[in-house]
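*Asks:* Sharing start_20.csv here; it has CSV, C-alpha atoms.
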```
chain,number,residue,atom,x,y,z
Y,26,MET,CA,-13.0,-13.0,-48.6
Y,27,THR,CA,-10.7,-12.0,-45.7
Y,28,PRO,CA,-12.7,-11.8,-42.4
Y,29,GLU,CA,-12.7,-8.3,-40.8
Y,30,ALA,CA,-10.3,-7.9,-37.9
Y,31,VAL,CA,-12.0,-8.0,-34.5
Y,32,GLU,CA,-11.5,-4.9,-32.4
Y,33,PRO,CA,-10.3,-6.0,-29.0
Y,34,GLY,CA,-12.3,-5.2,-25.9
Y,35,ARG,CA,-11.2,-3.1,-23.0
Y,36,LEU,CA,-10.1,-4.0,-19.4
Y,37,TYR,CA,-11.7,-1.7,-16.9
Y,38,VAL,CA,-10.1,-1.3,-13.5
Y,39,VAL,CA,-13.0,-0.2,-11.3
Y,40,SER,CA,-12.8,1.1,-7.8
Y,41,THR,CA,-15.5,0.2,-5.3
Y,42,PRO,CA,-16.6,1.7,-1.9
Y,43,ILE,CA,-14.4,1.1,1.1
Y,44,GLY,CA,-17.3,1.6,3.5
Y,45,ASN,CA,-19.7,4.4,2.5
Y,46,MET,CA,-21.8,3.2,-0.3
Y,47,GLY,CA,-22.3,6.8,-1.5
Y,48,ASP,CA,-18.7,6.6,-2.8
Y,49,PHE,CA,-19.7,4.4,-5.7
Y,50,SER,CA,-19.7,6.5,-8.9
Y,51,PHE,CA,-22.3,6.7,-11.6
Y,52,ARG,CA,-19.5,5.9,-14.1
Y,53,ALA,CA,-18.5,2.7,-12.2
Y,54,VAL,CA,-22.1,1.5,-12.2
Y,55,GLU,CA,-22.5,2.1,-15.9
Y,56,THR,CA,-19.2,0.4,-16.7
Y,57,LEU,CA,-20.1,-2.7,-14.7
Y,58,ARG,CA,-23.4,-2.9,-16.5
Y,59,SER,CA,-21.7,-2.6,-19.9
Y,60,VAL,CA,-19.0,-5.3,-19.8
Y,61,ALA,CA,-19.3,-9.0,-20.6
Y,62,ALA,CA,-18.1,-10.1,-17.1
Y,63,VAL,CA,-17.0,-8.6,-13.8
Y,64,LEU,CA,-13.9,-10.2,-12.2
Y,65,ALA,CA,-14.0,-10.2,-8.4
Y,66,GLU,CA,-11.9,-11.4,-5.5
Y,67,ASP,CA,-15.0,-12.8,-3.7
Y,68,THR,CA,-18.0,-13.0,-6.0
Y,69,ARG,CA,-20.4,-13.5,-3.0
Y,70,HIS,CA,-19.2,-10.3,-1.4
Y,71,SER,CA,-19.2,-8.2,-4.7
Y,72,ARG,CA,-22.6,-9.7,-5.7
Y,73,HIS,CA,-24.2,-7.7,-2.8
Y,74,LEU,CA,-22.7,-4.5,-4.2
Y,75,LEU,CA,-23.8,-5.2,-7.8
Y,76,ASP,CA,-27.3,-6.2,-6.7
Y,77,ARG,CA,-27.7,-3.0,-4.8
Y,78,TYR,CA,-27.1,-1.0,-8.0
Y,79,GLU,CA,-29.1,-3.4,-10.2
Y,80,VAL,CA,-26.0,-4.7,-12.1
Y,81,ALA,CA,-26.9,-8.1,-13.5
Y,82,THR,CA,-23.6,-8.7,-15.3
Y,83,PRO,CA,-22.1,-12.2,-14.8
Y,84,MET,CA,-19.3,-12.5,-12.4
Y,85,LEU,CA,-16.1,-14.6,-12.3
Y,86,ALA,CA,-13.8,-15.2,-9.4
Y,87,TYR,CA,-10.3,-13.8,-9.9
Y,88,HIS,CA,-8.0,-13.9,-6.9
Y,89,GLU,CA,-4.4,-14.8,-5.9
Y,90,HIS,CA,-5.1,-18.5,-6.0
Y,91,ASN,CA,-6.4,-18.7,-9.6
Y,92,GLU,CA,-5.0,-15.6,-11.4
Y,93,ALA,CA,-2.1,-17.5,-13.0
Y,94,LYS,CA,-4.6,-20.0,-14.5
Y,95,MET,CA,-7.3,-17.5,-15.4
Y,96,THR,CA,-5.2,-14.7,-16.9
Y,97,PRO,CA,-4.5,-16.3,-20.3
Y,98,GLN,CA,-8.2,-17.2,-20.7
Y,99,LEU,CA,-9.2,-13.6,-19.9
Y,100,VAL,CA,-6.7,-12.1,-22.3
Y,101,ARG,CA,-8.1,-14.3,-25.0
Y,102,ARG,CA,-11.6,-13.0,-24.3
Y,103,LEU,CA,-10.4,-9.4,-24.4
Y,104,ALA,CA,-8.6,-10.0,-27.7
Y,105,ALA,CA,-11.7,-11.6,-29.1
Y,106,GLY,CA,-13.7,-8.4,-28.5
Y,107,GLU,CA,-15.2,-8.7,-25.0
Y,108,SER,CA,-14.7,-6.0,-22.5
Y,109,LEU,CA,-14.2,-7.0,-18.8
Y,110,ALA,CA,-14.1,-5.2,-15.5
Y,111,ILE,CA,-12.0,-6.1,-12.5
Y,112,VAL,CA,-13.1,-5.1,-8.9
Y,113,THR,CA,-11.7,-5.8,-5.5
Y,114,ASP,CA,-13.7,-6.4,-2.3
Y,115,ALA,CA,-13.2,-2.7,-1.4
Y,116,GLY,CA,-11.3,0.2,-2.8
Y,117,THR,CA,-9.0,0.3,-5.8
Y,118,PRO,CA,-7.8,-3.0,-7.5
Y,119,LEU,CA,-4.1,-3.7,-7.6
Y,120,VAL,CA,-3.4,-1.6,-4.5
Y,121,SER,CA,-2.5,-4.5,-2.1
Y,122,ASP,CA,-5.1,-6.6,-4.0
Y,123,PRO,CA,-5.0,-8.9,-7.1
Y,124,GLY,CA,-5.0,-7.5,-10.6
Y,125,ALA,CA,-1.5,-6.6,-11.5
Y,126,ARG,CA,-0.9,-9.8,-13.5
Y,127,LEU,CA,-4.0,-9.3,-15.6
Y,128,VAL,CA,-3.3,-5.7,-16.3
Y,129,ALA,CA,0.3,-6.5,-17.4
Y,130,ALA,CA,-0.8,-9.3,-19.6
Y,131,ALA,CA,-3.5,-7.2,-21.2
Y,132,ILE,CA,-1.1,-4.4,-21.9
Y,133,GLU,CA,1.4,-6.8,-23.5
Y,134,ALA,CA,-1.4,-8.1,-25.7
Y,135,GLY,CA,-2.3,-4.6,-26.9
Y,136,ILE,CA,-5.5,-4.3,-24.8
Y,137,VAL,CA,-6.5,-0.9,-23.7
Y,138,VAL,CA,-6.7,-0.6,-19.8
Y,139,VAL,CA,-9.1,2.0,-18.5
Y,140,PRO,CA,-9.1,3.1,-14.9
Y,141,VAL,CA,-12.4,4.0,-13.3
Y,142,PRO,CA,-11.2,5.8,-10.2
Y,143,GLY,CA,-12.9,6.0,-6.8
Y,144,ALA,CA,-12.3,5.2,-3.1
Y,145,SER,CA,-8.8,4.5,-1.9
Y,146,ALA,CA,-8.1,4.0,1.8
Y,147,LEU,CA,-4.5,5.3,1.6
Y,148,LEU,CA,-5.4,8.5,-0.1
Y,149,ALA,CA,-8.4,9.2,2.1
Y,150,ALA,CA,-6.2,8.6,5.2
Y,151,LEU,CA,-3.4,10.8,3.8
Y,152,VAL,CA,-5.6,13.9,3.2
Y,153,ALA,CA,-7.2,13.6,6.7
Y,154,SER,CA,-3.9,12.9,8.5
Y,155,GLY,CA,-2.4,16.4,8.6
Y,156,LEU,CA,0.9,15.1,7.4
Y,157,PRO,CA,2.5,16.5,4.2
Y,158,GLY,CA,1.0,14.9,1.2
Y,159,GLU,CA,2.9,16.4,-1.7
Y,160,ARG,CA,5.2,13.4,-1.7
Y,161,PHE,CA,4.7,10.0,0.0
Y,162,THR,CA,5.7,6.3,-0.2
Y,163,PHE,CA,3.1,3.5,0.1
Y,164,TYR,CA,4.4,0.2,1.5
Y,165,GLY,CA,1.2,-1.9,1.6
Y,166,PHE,CA,1.3,-4.6,4.3
Y,167,LEU,CA,4.7,-5.1,6.0
Y,168,ALA,CA,6.2,-8.6,6.2
Y,169,ARG,CA,5.2,-10.0,9.6
Y,170,ARG,CA,8.8,-10.7,10.7
Y,171,GLY,CA,12.3,-11.3,9.7
Y,172,ARG,CA,14.9,-9.5,7.6
Y,173,GLU,CA,12.5,-8.0,5.0
Y,174,ARG,CA,10.4,-6.4,7.8
Y,175,LYS,CA,13.5,-4.9,9.5
Y,176,GLU,CA,14.8,-3.5,6.2
Y,177,VAL,CA,11.5,-1.8,5.3
Y,178,VAL,CA,11.1,-0.3,8.8
Y,179,THR,CA,14.7,1.0,8.6
Y,180,GLU,CA,13.9,2.5,5.2
Y,181,ILE,CA,10.8,4.2,6.6
Y,182,ALA,CA,12.8,5.7,9.4
Y,183,ALA,CA,15.2,7.3,6.9
Y,184,LEU,CA,12.5,8.8,4.7
Y,185,ARG,CA,12.2,12.6,4.5
Y,186,HIS,CA,8.6,12.4,3.4
Y,187,THR,CA,5.4,10.6,4.6
Y,188,ALA,CA,5.2,6.8,4.7
Y,189,ILE,CA,1.9,5.0,4.4
Y,190,LEU,CA,1.2,1.3,5.2
Y,191,TYR,CA,-1.7,-1.0,5.8
Y,192,GLU,CA,-1.8,-3.2,8.9
Y,193,ALA,CA,-4.0,-5.9,10.4
Y,194,PRO,CA,-5.7,-4.7,13.7
Y,195,SER,CA,-4.0,-7.4,15.8
Y,196,ARG,CA,-0.5,-6.2,14.7
Y,197,VAL,CA,-0.9,-2.5,15.0
Y,198,ALA,CA,0.7,-2.2,18.4
Y,199,ASP,CA,3.7,-4.3,17.4
Y,200,THR,CA,4.2,-2.4,14.2
Y,201,LEU,CA,4.1,0.9,16.0
Y,202,ALA,CA,6.6,-0.3,18.5
Y,203,ASP,CA,9.0,-1.4,15.7
Y,204,LEU,CA,8.5,2.0,14.0
Y,205,GLY,CA,9.1,3.8,17.2
Y,206,ALA,CA,12.4,1.9,17.8
Y,207,ALA,CA,13.6,2.8,14.4
Y,208,CYS,CA,12.3,6.3,13.9
Y,209,GLY,CA,12.6,7.5,17.4
Y,210,PRO,CA,9.7,8.1,19.8
Y,211,GLU,CA,9.1,11.7,18.8
Y,212,ARG,CA,8.4,11.0,15.1
Y,213,GLN,CA,4.9,12.1,14.2
Y,214,GLY,CA,2.4,9.4,13.2
Y,215,VAL,CA,-1.3,8.8,12.5
Y,216,VAL,CA,-3.5,5.8,12.8
Y,217,ALA,CA,-6.6,6.0,10.6
Y,218,ARG,CA,-9.3,3.3,10.9
Y,219,GLU,CA,-12.6,2.5,9.4
Y,220,ILE,CA,-12.3,5.3,6.8
Y,221,THR,CA,-15.7,6.4,5.4
Y,222,LYS,CA,-17.5,4.0,7.8
Y,223,GLN,CA,-19.7,4.8,10.8
Y,224,PHE,CA,-16.9,4.6,13.4
Y,225,GLU,CA,-14.2,6.4,11.3
Y,226,GLU,CA,-11.3,7.6,13.5
Y,227,VAL,CA,-8.1,9.4,12.8
Y,228,ARG,CA,-5.8,9.4,15.8
Y,229,ARG,CA,-2.7,11.7,15.6
Y,230,GLY,CA,0.4,11.9,17.9
Y,231,THR,CA,4.0,10.8,18.2
Y,232,ILE,CA,4.8,7.2,17.4
Y,233,ALA,CA,5.4,6.5,21.1
Y,234,GLU,CA,2.0,8.0,22.1
Y,235,LEU,CA,0.2,5.9,19.5
Y,236,ALA,CA,2.1,2.7,20.4
Y,237,ALA,CA,1.2,3.2,24.1
Y,238,TYR,CA,-2.5,3.9,23.2
Y,239,TYR,CA,-2.9,0.7,21.1
Y,240,SER,CA,-0.7,-1.5,23.4
Y,241,GLY,CA,-3.7,-2.1,25.6
Y,242,ALA,CA,-6.2,-3.2,23.0
Y,243,ALA,CA,-6.1,-3.9,19.3
Y,244,PRO,CA,-8.2,-1.5,17.3
Y,245,ARG,CA,-11.1,-2.8,15.2
Y,246,GLY,CA,-11.6,-2.4,11.4
Y,247,GLU,CA,-9.4,-1.6,8.5
Y,248,ILE,CA,-6.2,0.2,9.5
Y,249,VAL,CA,-3.9,2.7,7.8
Y,250,ILE,CA,-0.7,3.8,9.5
Y,251,LEU,CA,1.1,7.0,8.4
Y,252,VAL,CA,4.6,8.0,9.5
Y,253,GLY,CA,5.9,11.6,9.2
Y,254,GLY,CA,9.2,12.2,7.4
Y,255,ALA,CA,12.5,12.3,9.3
Y,256,PRO,CA,13.4,15.9,10.4
Y,257,VAL,CA,16.1,17.6,8.5
Y,258,VAL,CA,19.0,18.3,10.8
Y,259,ALA,CA,22.5,19.7,10.3
Y,260,LEU,CA,24.9,16.7,10.2
Y,261,ASP,CA,28.1,16.8,12.2
Y,262,GLU,CA,30.4,14.4,10.4
Y,263,ALA,CA,32.8,14.2,13.4
Y,264,MET,CA,29.8,13.1,15.6
Y,265,LEU,CA,28.6,10.6,12.9
Y,266,ARG,CA,32.1,9.2,12.6
Y,267,GLU,CA,32.3,8.7,16.4
Y,268,ARG,CA,28.9,7.0,16.4
Y,269,ALA,CA,30.0,4.7,13.5
Y,270,ARG,CA,33.2,3.8,15.5
Y,271,ALA,CA,31.1,3.0,18.6
Y,272,LEU,CA,28.8,0.7,16.6
Y,273,ARG,CA,31.7,-1.1,15.0
Y,274,GLU,CA,33.5,-1.6,18.3
Y,275,ALA,CA,30.3,-3.1,19.6
Y,276,GLY,CA,30.4,-5.7,17.0
Y,277,VAL,CA,27.8,-4.3,14.6
Y,278,SER,CA,28.5,-5.1,10.9
Y,279,VAL,CA,29.3,-2.4,8.4
Y,280,LYS,CA,26.0,-2.9,6.7
Y,281,ASP,CA,24.0,-2.8,10.0
Y,282,ALA,CA,26.0,0.2,11.3
Y,283,ALA,CA,25.3,2.1,8.1
Y,284,ALA,CA,21.6,1.3,8.4
Y,285,ARG,CA,21.6,2.5,12.0
Y,286,LEU,CA,23.3,5.8,11.0
Y,287,ALA,CA,20.7,6.3,8.3
Y,288,ALA,CA,17.8,5.5,10.6
Y,289,GLU,CA,19.0,7.6,13.6
Y,290,HIS,CA,20.4,10.6,11.8
Y,291,GLY,CA,18.9,10.6,8.3
Y,292,VAL,CA,22.3,10.2,6.8
Y,293,PRO,CA,22.2,9.4,3.0
Y,294,ARG,CA,22.9,5.7,2.5
Y,295,ASN,CA,26.2,6.1,0.6
Y,296,GLN,CA,27.6,8.5,3.2
Y,297,ALA,CA,26.5,6.2,6.1
Y,298,TYR,CA,28.1,3.2,4.4
Y,299,ARG,CA,31.3,5.2,3.8
Y,300,LEU,CA,31.5,6.3,7.5
Y,301,ALA,CA,30.9,2.7,8.7
Y,302,GLN,CA,33.4,1.2,6.4
Y,303,GLU,CA,36.1,3.7,7.4
Y,304,GLU,CA,36.1,2.1,10.9
Y,305,ASP,CA,37.3,-1.2,9.4
Y,306,GLY,CA,40.6,0.4,8.7
```
Would you mind writing the structure in this file as structure tokens?
*Replies:*
Amino acid sequence: MTPEAVEPGRLYVVSTPIGNMGDFSFRAVETLRSVAAVLAEDTRHSRHLLDRYEVATPMLAYHEHNEAKMTPQLVRRLAAGESLAIVTDAGTPLVSDPGARLVAAAIEAGIVVVPVPGASALLAALVASGLPGERFTFYGFLARRGRERKEVVTEIAALRHTAILYEAPSRVADTLADLGAACGPERQGVVAREITKQFEEVRRGTIAELAAYYSGAAPRGEIVILVGGAPVVALDEAMLRERARALREAGVSVKDAAARLAAEHGVPRNQAYRLAQEEDG
């Protein structure tokens, strides 16, 4: 007799509270109780959460240092019929946290991936910020230094819509200073910290005002920075061409001159590059 095919399990991506324990949903608790194992960044940290809600499910460590080794094993378990859940220390897995490798591998193996939504720091900060939320770009954590950081900051400066990023408390002042230099001091910004926790704070103002406030002392807790979109202004091509000429005469490369035009005036990238390149002739 031919053995019956085993129905694969499911991979549940479960959001956990980012501070306020009341944000843990009934569905999340039921899901974690029902699976064969819970995959967690830090099992000791997540064990406290599971114990609070009387979830006795076994836990496995799954983090950036072992995900390459663990993923094939976990996919085999899913394919064999076991369902698994992945959680992060706080918030929604995969959003600046491990999990993307496993989700991609599970999908490739034909495993159903089920989101169990809940708390998300970036969305909570966005809806409390007062900045437009119908369109936004999330950047996660910026590179600490170098070309990659400069390119992303320049990109944020040129956006017409809200930008959201995470930052470590000790680097908030430096990041705001970099954003102010690229976006201009009058660009609107928001720093949200300790969202859903006892000392939750949402501070609004210009990038320059926020940079000045946090230059004296680093804030505490988890930080979300939001940057308002660049204002829409009528572009005077003659003025832009003159600015491009001045930059090129100062020794700025075509690429960097185009980036400056885009950052300073919100010029579309292809137009900025064309204007900067014209000055080579």
*Asks:* Choose the residue, out of Y:Arg270, Y:Arg126, Y:Arg35, Y:Arg228, that has the smallest atom-to-atom separation from Y:Val139; count all atoms listed in the file.
*Replies:*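 Selected residue with least distance to Y:Val139: Y:Arg35.
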*Asks:* Need to verify the contact set: Y:Asp199, 12 Å, all atoms listed in the file, exclusion of same-chain residues closer than 2 positions in sequence. Can you return it as a list in words?
*Replies:* Leu167, Arg169, Arg170, Arg174, Glu192, Ala193, Pro194, Ser195, Arg196, Val197, Leu201, Ala202, Asp203, Leu204, Gly205, Ala206, Ile232, Ala233, Leu235, Ala236, Ala237, Tyr238, Tyr239, Ser240, Gly241, Ala242 and Ala243 of chain Y
*Asks:* Compare Y:Thr179, Y:Thr117, Y:Ser50, Y:Ser154 by their minimum atom-to-atom distance to Y:Glu289, counting all atoms listed in the file, and give me the closest one.
*Replies:*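 Of the candidates, the smallest distance to Y:Glu289 is held by Y:Thr179.
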*Asks:* Between atom CA of Y:Ile250 and atom CA of Y:Tyr191, what is the spacing in Å?
*Replies:*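 Here the two named atoms are 6.1 Å from each other.
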*Asks:* Between Y:Ala301, Y:Ala93, Y:Val80, Y:Ala62, which residue has the minimum interatomic distance to Y:Ser278, considering only C-alpha atoms?
*Replies:* Y:Ala301
*Asks:* Please compute the atom CA of Y:Leu184-atom CA of Y:Glu267 distance, one decimal, in Å.
*Replies:*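 Result for atom CA of Y:Leu184 versus atom CA of Y:Glu267: 23.0 Å, one decimal.
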*Asks:* I need the residue nearest Y:Asp114 from this list: Y:Gly171, Y:Pro42, Y:Pro97, Y:Gly143. Use all atoms listed in the file for the distance.
*Replies:*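 Of the candidates, the smallest distance to Y:Asp114 is held by Y:Pro42.
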*Asks:* Fewer than 5 positions away in the same chain doesn't count, so skip those; otherwise give me all residues within 9 Å of Y:Glu226, counting only C-alpha atoms, as a CSV table (one decimal) with C-alpha atoms, keeping the file's coordinate frame.
*Replies:*
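Saved to around-v6.csv:
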```
chain,number,residue,atom,x,y,z
Y,216,VAL,CA,-3.5,5.8,12.8
Y,217,ALA,CA,-6.6,6.0,10.6
Y,218,ARG,CA,-9.3,3.3,10.9
Y,219,GLU,CA,-12.6,2.5,9.4
Y,220,ILE,CA,-12.3,5.3,6.8
```
*Asks:* How many Å separate atom CA of Y:Gln296 from atom CA of Y:Pro210?
*Replies:*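 Taking atom CA of Y:Gln296 and atom CA of Y:Pro210, their separation equals 24.4 Å.
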*Asks:* Y:Ile181, Y:Val252, Y:Ala30, Y:Leu190: which is nearest Y:Ala104, counting all atoms listed in the file?
*Replies:*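 Closest residue, counting all atoms listed in the file: Y:Ala30.
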*Asks:* Between Y:Gly254, Y:Thr162, Y:Arg299, Y:Cys208, which residue has the minimum interatomic distance to Y:His186, considering only C-alpha atoms?
*Replies:* Y:Gly254
*Asks:* As a list in words, please: the residues near Y:Gly116 (cut-off 12 Å, all atoms listed in the file, same-chain neighbours under 6 positions excluded).
*Replies:*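 So the residues in contact are Val38, Val39, Ser40, Thr41, Pro42, Ile43, Gly44, Asn45, Met46, Asp48, Phe49, Glu66, Ser71, Asp122, Pro123, Val141, Pro142, Gly143, Ala144, Ser145, Ala146, Leu147, Leu148, Ala149, Ile220, Thr221 and Glu247 of chain Y.
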